[in-house]
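> Dropping in run_19.cif, which is mmCIF, C-alpha atoms:
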```cif
data_input
#
loop_
_atom_site.label_atom_id
_atom_site.label_comp_id
_atom_site.auth_asym_id
_atom_site.auth_seq_id
_atom_site.Cartn_x
_atom_site.Cartn_y
_atom_site.Cartn_z
CA MET A 1 -13.05 29.65 -15.32
CA ALA A 2 -10.95 26.57 -14.59
CA HIS A 3 -12.96 23.67 -13.21
CA GLU A 4 -11.47 21.24 -10.71
CA TRP A 5 -10.45 17.94 -12.23
CA GLN A 6 -12.46 15.04 -10.82
CA PRO A 7 -10.56 11.77 -11.22
CA ASP A 8 -12.59 8.87 -12.58
CA PHE A 9 -11.02 5.61 -11.48
CA GLU A 10 -12.41 3.45 -14.27
CA GLN A 11 -11.33 5.95 -16.88
CA LEU A 12 -7.81 5.99 -15.43
CA VAL A 13 -7.67 2.19 -15.62
CA ASP A 14 -8.80 2.27 -19.26
CA GLU A 15 -6.30 4.94 -20.14
CA HIS A 16 -3.23 3.59 -18.35
CA GLN A 17 -3.54 -0.18 -17.96
CA SER A 18 -1.42 -0.81 -21.03
CA MET A 19 1.34 1.48 -19.75
CA VAL A 20 1.38 -0.01 -16.26
CA PHE A 21 1.29 -3.58 -17.51
CA SER A 22 4.07 -2.95 -20.05
CA LEU A 23 6.34 -1.37 -17.46
CA ALA A 24 5.86 -4.31 -15.10
CA LEU A 25 6.31 -6.80 -17.93
CA ARG A 26 9.57 -5.31 -19.15
CA MET A 27 10.94 -5.02 -15.64
CA THR A 28 10.06 -8.54 -14.51
CA GLY A 29 9.99 -10.47 -17.80
CA ASP A 30 7.06 -12.43 -16.36
CA ARG A 31 3.59 -11.91 -17.79
CA GLY A 32 1.69 -13.39 -14.83
CA LEU A 33 3.67 -11.38 -12.32
CA ALA A 34 3.27 -8.24 -14.42
CA GLU A 35 -0.49 -8.68 -14.34
CA GLU A 36 -0.46 -9.06 -10.54
CA ILE A 37 1.68 -5.96 -10.21
CA ALA A 38 -0.64 -3.99 -12.49
CA GLN A 39 -3.64 -4.98 -10.34
CA ASP A 40 -1.83 -3.95 -7.15
CA VAL A 41 -0.84 -0.62 -8.67
CA PHE A 42 -4.42 0.26 -9.60
CA LEU A 43 -5.78 -0.86 -6.23
CA GLU A 44 -3.22 1.37 -4.56
CA LEU A 45 -4.36 4.19 -6.85
CA ASP A 46 -7.91 3.64 -5.62
CA ARG A 47 -6.74 4.09 -2.01
CA ASN A 48 -4.90 7.29 -2.95
CA MET A 49 -7.36 8.92 -5.33
CA GLY A 50 -7.76 11.87 -3.01
CA LYS A 51 -4.11 12.79 -3.57
CA ILE A 52 -4.30 12.83 -7.39
CA ASP A 53 -4.95 16.34 -8.62
CA SER A 54 -4.52 16.21 -12.41
CA PRO A 55 -4.31 13.74 -15.32
CA LEU A 56 -0.58 14.41 -15.57
CA HIS A 57 -0.17 13.73 -11.86
CA ALA A 58 -2.04 10.45 -12.29
CA LEU A 59 0.31 9.40 -15.09
CA TYR A 60 3.40 10.34 -13.08
CA TRP A 61 2.05 8.57 -9.97
CA LEU A 62 1.22 5.38 -11.86
CA ARG A 63 4.63 5.21 -13.52
CA ARG A 64 6.39 5.76 -10.24
CA VAL A 65 4.40 3.14 -8.33
CA ALA A 66 4.57 0.62 -11.19
CA MET A 67 8.38 0.88 -11.26
CA SER A 68 8.59 0.67 -7.48
CA ARG A 69 6.33 -2.39 -7.25
CA SER A 70 8.23 -4.09 -10.05
CA ALA A 71 11.54 -3.50 -8.28
CA ASP A 72 10.05 -4.92 -5.06
CA ALA A 73 8.83 -8.01 -6.89
CA LEU A 74 12.27 -8.57 -8.39
CA ARG A 75 13.90 -8.22 -4.99
CA ARG A 76 11.48 -10.74 -3.46
CA ARG A 77 12.26 -13.24 -6.18
CA LYS A 78 15.95 -12.71 -5.64
CA VAL A 79 15.55 -13.36 -1.89
CA ARG A 80 13.64 -16.57 -2.66
CA GLY A 81 16.48 -17.62 -4.98
CA MET A 82 14.22 -17.99 -7.98
CA ASP A 83 15.59 -17.98 -11.46
CA LEU A 84 15.07 -14.42 -12.58
CA TRP A 85 15.69 -14.70 -16.23
CA VAL A 86 12.76 -16.37 -17.85
CA GLU A 87 13.12 -16.59 -21.58
CA PHE A 88 10.82 -13.83 -22.67
CA GLU A 89 9.40 -15.66 -25.64
CA GLU A 90 8.55 -18.69 -23.53
CA SER A 91 7.08 -16.88 -20.56
CA HIS A 92 3.56 -18.19 -19.98
CA GLY A 93 3.43 -19.62 -23.46
CA VAL A 94 3.19 -16.18 -25.03
CA ARG A 95 5.22 -15.63 -28.09
CA LEU A 96 6.46 -12.22 -29.02
CA GLU A 97 4.79 -10.57 -31.94
CA GLN A 98 6.74 -10.68 -35.13
CA LYS A 99 8.70 -7.47 -35.33
CA SER A 100 9.84 -5.88 -38.56
CA SER A 101 13.45 -6.91 -37.87
CA PRO A 102 15.01 -9.98 -36.32
CA LEU A 103 16.76 -7.72 -33.82
CA GLY A 104 13.56 -6.09 -32.59
CA SER A 105 12.09 -9.41 -31.56
CA ARG A 106 15.13 -10.14 -29.40
CA LEU A 107 15.58 -6.81 -27.72
CA GLU A 108 12.90 -7.34 -25.08
CA GLY A 109 14.44 -10.68 -24.15
CA LEU A 110 17.89 -9.13 -23.99
CA LEU A 111 16.49 -6.34 -21.81
CA SER A 112 15.69 -8.85 -19.10
CA THR A 113 19.38 -9.78 -18.89
CA LEU A 114 20.44 -6.27 -17.89
CA PRO A 115 20.92 -5.22 -14.27
CA GLU A 116 17.71 -3.83 -12.81
CA PRO A 117 18.76 -0.13 -12.55
CA GLN A 118 19.86 -0.05 -16.21
CA ARG A 119 16.74 -1.89 -17.30
CA ALA A 120 14.54 0.61 -15.45
CA ALA A 121 16.25 3.58 -17.06
CA LEU A 122 16.02 2.12 -20.57
CA VAL A 123 12.37 1.09 -20.21
CA LEU A 124 11.38 4.59 -19.09
CA ARG A 125 13.46 6.14 -21.85
CA TYR A 126 12.32 4.02 -24.78
CA GLN A 127 8.86 2.87 -23.76
CA GLU A 128 7.72 6.08 -22.09
CA ASP A 129 9.91 8.54 -23.96
CA LEU A 130 10.99 10.25 -20.75
CA THR A 131 13.95 12.59 -20.55
CA PRO A 132 16.77 11.73 -18.12
CA GLU A 133 15.41 14.40 -15.77
CA GLU A 134 11.95 12.85 -15.85
CA ILE A 135 13.43 9.38 -15.30
CA ALA A 136 15.37 10.68 -12.29
CA ALA A 137 12.15 12.14 -10.81
CA THR A 138 10.22 8.90 -11.44
CA LEU A 139 12.87 6.67 -9.91
CA ASP A 140 13.81 9.16 -7.20
CA ALA A 141 17.45 8.85 -8.25
CA PRO A 142 20.17 11.43 -8.93
CA LEU A 143 20.30 12.66 -12.51
CA ALA A 144 23.97 11.70 -12.92
CA THR A 145 23.16 8.15 -11.82
CA VAL A 146 20.32 7.90 -14.32
CA LYS A 147 22.51 9.16 -17.15
CA SER A 148 25.16 6.63 -16.22
CA HIS A 149 22.60 3.81 -16.21
CA LEU A 150 21.28 4.90 -19.60
CA GLN A 151 24.73 5.05 -21.10
CA ARG A 152 25.93 1.75 -19.69
CA GLY A 153 22.65 0.00 -20.30
CA LEU A 154 22.51 1.10 -23.90
CA LYS A 155 26.12 0.06 -24.47
CA LEU A 156 25.54 -3.35 -22.90
CA LEU A 157 22.28 -3.90 -24.76
CA ARG A 158 23.89 -2.94 -28.04
CA ALA A 159 26.75 -5.40 -27.47
CA LYS A 160 24.31 -8.19 -26.56
CA ALA A 161 22.17 -7.35 -29.60
CA GLU A 162 25.14 -7.58 -31.90
CA ASP A 163 26.10 -10.98 -30.51
CA SER A 164 22.51 -12.14 -30.74
CA LEU A 165 22.14 -10.95 -34.33
CA LYS A 166 25.38 -12.66 -35.36
CA GLU A 167 24.10 -15.88 -33.79
CA PHE A 168 20.76 -15.44 -35.54
CA VAL A 169 22.45 -15.01 -38.92
CA ARG A 170 24.73 -17.98 -38.27
CA VAL A 171 21.84 -20.25 -37.33
CA ARG A 172 19.74 -19.07 -40.26
CA ASN A 173 22.53 -19.68 -42.73
CA SER A 174 23.56 -23.04 -41.37
CA MET B 1 29.51 2.28 -34.39
CA ASP B 2 28.76 5.53 -36.23
CA ASP B 3 26.00 8.07 -35.50
CA PHE B 4 23.66 6.64 -38.11
CA GLU B 5 23.88 3.17 -36.58
CA ARG B 6 23.50 4.56 -33.08
CA ASP B 7 20.28 6.33 -34.07
CA ASP B 8 19.13 3.27 -35.96
CA PHE B 9 19.62 1.08 -32.88
CA GLU B 10 17.69 3.47 -30.71
CA ARG B 11 14.89 3.50 -33.26
CA GLU B 12 14.81 -0.30 -33.02
CA LEU B 13 14.61 0.01 -29.26
CA LYS B 14 11.76 2.48 -29.46
CA GLN B 15 9.83 0.18 -31.75
CA ALA B 16 10.59 -2.93 -29.68
CA PHE B 17 9.51 -1.17 -26.48
CA GLU B 18 6.10 -0.05 -27.62
CA ARG B 19 3.50 -0.50 -24.94
CA ARG B 20 1.88 -3.93 -24.86
CA PRO B 21 -1.88 -4.27 -24.62
CA ALA B 22 -2.96 -5.21 -21.13
CA PRO B 23 -4.25 -8.77 -20.74
CA PRO B 24 -7.97 -9.10 -21.41
CA GLY B 25 -9.78 -9.15 -18.10
CA LEU B 26 -7.25 -7.04 -16.22
CA LYS B 27 -9.69 -4.16 -15.84
CA ARG B 28 -12.48 -6.53 -14.77
CA LYS B 29 -10.22 -8.10 -12.11
CA VAL B 30 -9.17 -4.68 -10.85
CA MET B 31 -12.77 -3.48 -10.56
CA GLN B 32 -13.87 -6.68 -8.80
CA GLN B 33 -10.99 -6.55 -6.34
CA ARG B 34 -11.64 -2.87 -5.74
CA SER B 35 -15.27 -3.58 -4.94
CA ARG B 36 -14.30 -6.40 -2.54
CA GLN B 37 -11.74 -4.23 -0.74
CA ARG B 38 -14.19 -1.34 -0.35
CA THR B 39 -16.83 -3.68 1.11
CA GLU B 40 -14.24 -5.08 3.50
CA ARG B 41 -13.10 -1.59 4.59
CA LEU B 42 -16.72 -0.60 5.29
CA ARG B 43 -17.27 -3.79 7.28
CA ILE B 44 -14.16 -3.18 9.39
CA ARG B 45 -15.17 0.43 9.99
CA ARG B 46 -18.63 -0.71 11.14
CA VAL B 47 -17.14 -3.31 13.49
CA VAL B 48 -14.81 -0.71 15.01
CA TRP B 49 -17.70 1.71 15.65
CA GLU B 50 -19.87 -1.05 17.09
CA ARG B 51 -17.12 -2.10 19.47
CA LEU B 52 -16.50 1.50 20.48
CA ALA B 53 -20.21 1.96 21.19
CA ALA B 54 -20.26 -1.28 23.22
CA CYS B 55 -17.26 -0.08 25.24
CA LEU B 56 -18.97 3.24 25.97
CA VAL B 57 -22.18 1.49 27.08
CA LEU B 58 -20.18 -0.88 29.28
CA ALA B 59 -18.25 2.04 30.77
CA GLY B 60 -21.56 3.80 31.49
CA VAL B 61 -23.06 0.74 33.15
CA LEU B 62 -19.96 0.12 35.27
CA GLY B 63 -19.75 3.77 36.23
CA GLY B 64 -23.40 3.78 37.22
CA ALA B 65 -23.01 0.60 39.23
CA TYR B 66 -20.02 2.00 41.07
CA THR B 67 -21.84 5.24 41.86
CA TRP B 68 -24.87 3.35 43.19
CA HIS B 69 -22.64 1.10 45.28
CA ASP B 70 -20.79 4.09 46.65
CA ARG B 71 -24.05 5.80 47.60
CA GLU B 72 -25.34 2.59 49.22
CA GLU B 73 -22.21 2.31 51.31
CA ARG B 74 -22.50 5.93 52.39
CA ARG B 75 -26.16 5.43 53.27
CA LYS B 76 -25.35 2.33 55.31
CA GLY B 77 -22.56 4.20 57.02
CA GLU B 78 -24.91 7.05 57.91
CA ALA B 79 -27.51 4.61 59.24
CA ALA B 80 -24.92 2.86 61.38
CA ARG B 81 -23.71 6.23 62.70
CA GLU B 82 -27.28 7.18 63.62
CA GLN B 83 -27.70 3.91 65.50
CA VAL B 84 -24.51 4.54 67.44
CA MET B 85 -25.58 8.09 68.28
CA THR B 86 -28.98 6.86 69.43
CA ALA B 87 -27.34 4.21 71.58
CA LEU B 88 -25.04 6.86 73.07
CA ARG B 89 -28.01 9.15 73.78
CA ILE B 90 -29.90 6.33 75.49
CA THR B 91 -26.85 5.39 77.50
CA ASN B 92 -26.27 9.02 78.43
CA HIS B 93 -29.89 9.41 79.51
CA ALA B 94 -29.69 6.22 81.55
CA LEU B 95 -26.45 7.31 83.17
CA ASN B 96 -27.96 10.70 83.98
CA GLN B 97 -30.93 8.96 85.63
CA VAL B 98 -28.60 6.77 87.66
CA LYS B 99 -26.57 9.81 88.66
CA THR B 100 -29.74 11.65 89.70
CA GLN B 101 -30.95 8.67 91.73
CA LEU B 102 -27.55 8.33 93.42
CA ALA B 103 -27.53 12.01 94.27
CA GLU B 104 -31.03 11.74 95.83
CA HIS B 105 -29.93 8.67 97.79
CA ASP B 106 -26.90 10.50 99.14
CA ARG B 107 -29.07 13.45 100.21
CA ASP B 108 -31.50 11.13 102.02
CA ARG B 109 -28.66 9.48 103.89
CA GLN B 110 -27.23 12.78 105.01
CA GLU B 111 -30.56 13.89 106.40
#
```
What would you get if you wrote out this structure as structure tokens?


Amino acid sequence: MAHEWQPDFEQLVDEHQSMVFSLALRMTGDRGLAEEIAQDVFLELDRNMGKIDSPLHALYWLRRVAMSRSADALRRRKVRGMDLWVEFEESHGVRLEQKSSPLGSRLEGLLSTLPEPQRAALVLRYQEDLTPEEIAATLDAPLATVKSHLQRGLKLLRAKAEDSLKEFVRVRNS
Amino acid sequence: MDDFERDDFERELKQAFERRPAPPGLKRKVMQQRSRQRTERLRIRRVVWERLAACLVLAGVLGGAYTWHDREERRKGEAAREQVMTALRITNHALNQVKTQLAEHDRDRQE
């Protein structure tokens, strides 16, 4: 006999805070803002707990709202004319962890230089491992648009990564 | 770039985009804020019900006062009407007496 799933708010926070925070962080490039967004997302979850009917639904809901809130935050900053592109390594004095390759440590910073729609598609693809169809459902965007953003975003990121790596090698060898 | 490099780049991306641990204290802040918001929602709900109850009581008092006033006015009106009727009856009686006396006087004169 299937028993009805009873959502436990604290358990959902434990399980998904890393995911929500990471999405917000990669979208905004700002650790402090990402933390605010993560708090808002979970508080909104609390107000909507009655609508969540399964663990999978909770995950889908959190992703969707985290991406939406992040996009709103970016738009507000744009309206206020703030400098969007904070150097990722320098944001709030937090340094990136040492990655296994010099490229890996730069990719997150380069991500923040991409247009928002491409960034969103890439974050959902490579952080959350979503298919293009799942990304389209999360972002409420047409599938063709998502595929285009993935393709262009990847191409642009690759080009920026190559330039960055060349610069890294040049500086290291000089 | 060939297929191997394309896959290799995407592997780099996957590794670079691993989920970051949430800041320490995020959960605590969320739970505290949640508790504050719930308390505030309860307080607002209580205030709304209290004000609604006060409005109903006020409406009852005003309705009762109006009804009493209306009844008082009707009662006063009835009393005034009775006085007028009494006055008319007295006047009528007096006029009838005068008429009777005049008729008797006329009869006496004719005799």

> Which neighbours of range 132-136 of chain A fall inside 7 Å, counting all atoms listed in the file, when residues of the same chain fewer than 4 positions from it are skipped, and could you give them as a list in words?

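The residues satisfying every condition are Ala121, Leu124, Asp140, Ala141, Pro142, Leu143, Val146 and Lys147 of chain A.
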
> Translate the PyMOL selection byres ((chain A) within 7 of (chain B)), as applied to the file shown, into an explicit residue set as a list in words.

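Matching residues under the PyMOL selection byres ((chain A) within 7 of (chain B)) are Val13, Gln17, Ser18, Met19, Phe21, Ser22, Gln39, Phe42, Leu43, Gly104, Ser105, Leu107, Glu108, Tyr126 and Gln127 of chain A.
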
> So how far away is CA of Gly153 in chain A from CA of Pro115 in chain A, in Å?

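Those two atoms sit 8.2 Å apart.
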
> Report, in Å to a single decimal, how far apart CA of Leu139 in chain A and CA of Lys155 in chain A are.

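Here the two named atoms are 20.8 Å from each other.
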
> In Å, with one decimal, what is the gap from CA of Leu150 in chain A to CA of Leu111 in chain A?

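Value for the CA of Leu150 in chain A-CA of Leu111 in chain A distance: 12.4 Å.
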
> Would you kindly translate the PyMOL selection byres ((chain A and resi 66-75) around 10) into the concrete residues it picks from this file, as a count of residues only?

41

> Using all atoms listed in the file for the distances, tell me which of A:Arg152, A:Arg172, A:Lys166, A:His16 is nearest to Leu56 in chain A.

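For Leu56 in chain A, the nearest of the given residues is A:His16.
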
> If we count all atoms listed in the file, what is near Asp163 in chain A at a cut-off of 12 Å, once residues fewer than 5 positions away on the same chain are taken out, given as a ChimeraX atom specification?

/A:103,106-107,110,156-158,168-170

> Once you count all atoms listed in the file, which residues end up no further than 10 Å from (-6.3, 15.0, -14.0) in the file's frame, shown as a PyMOL selection string?

chain A and resi 4-8+12+52-59
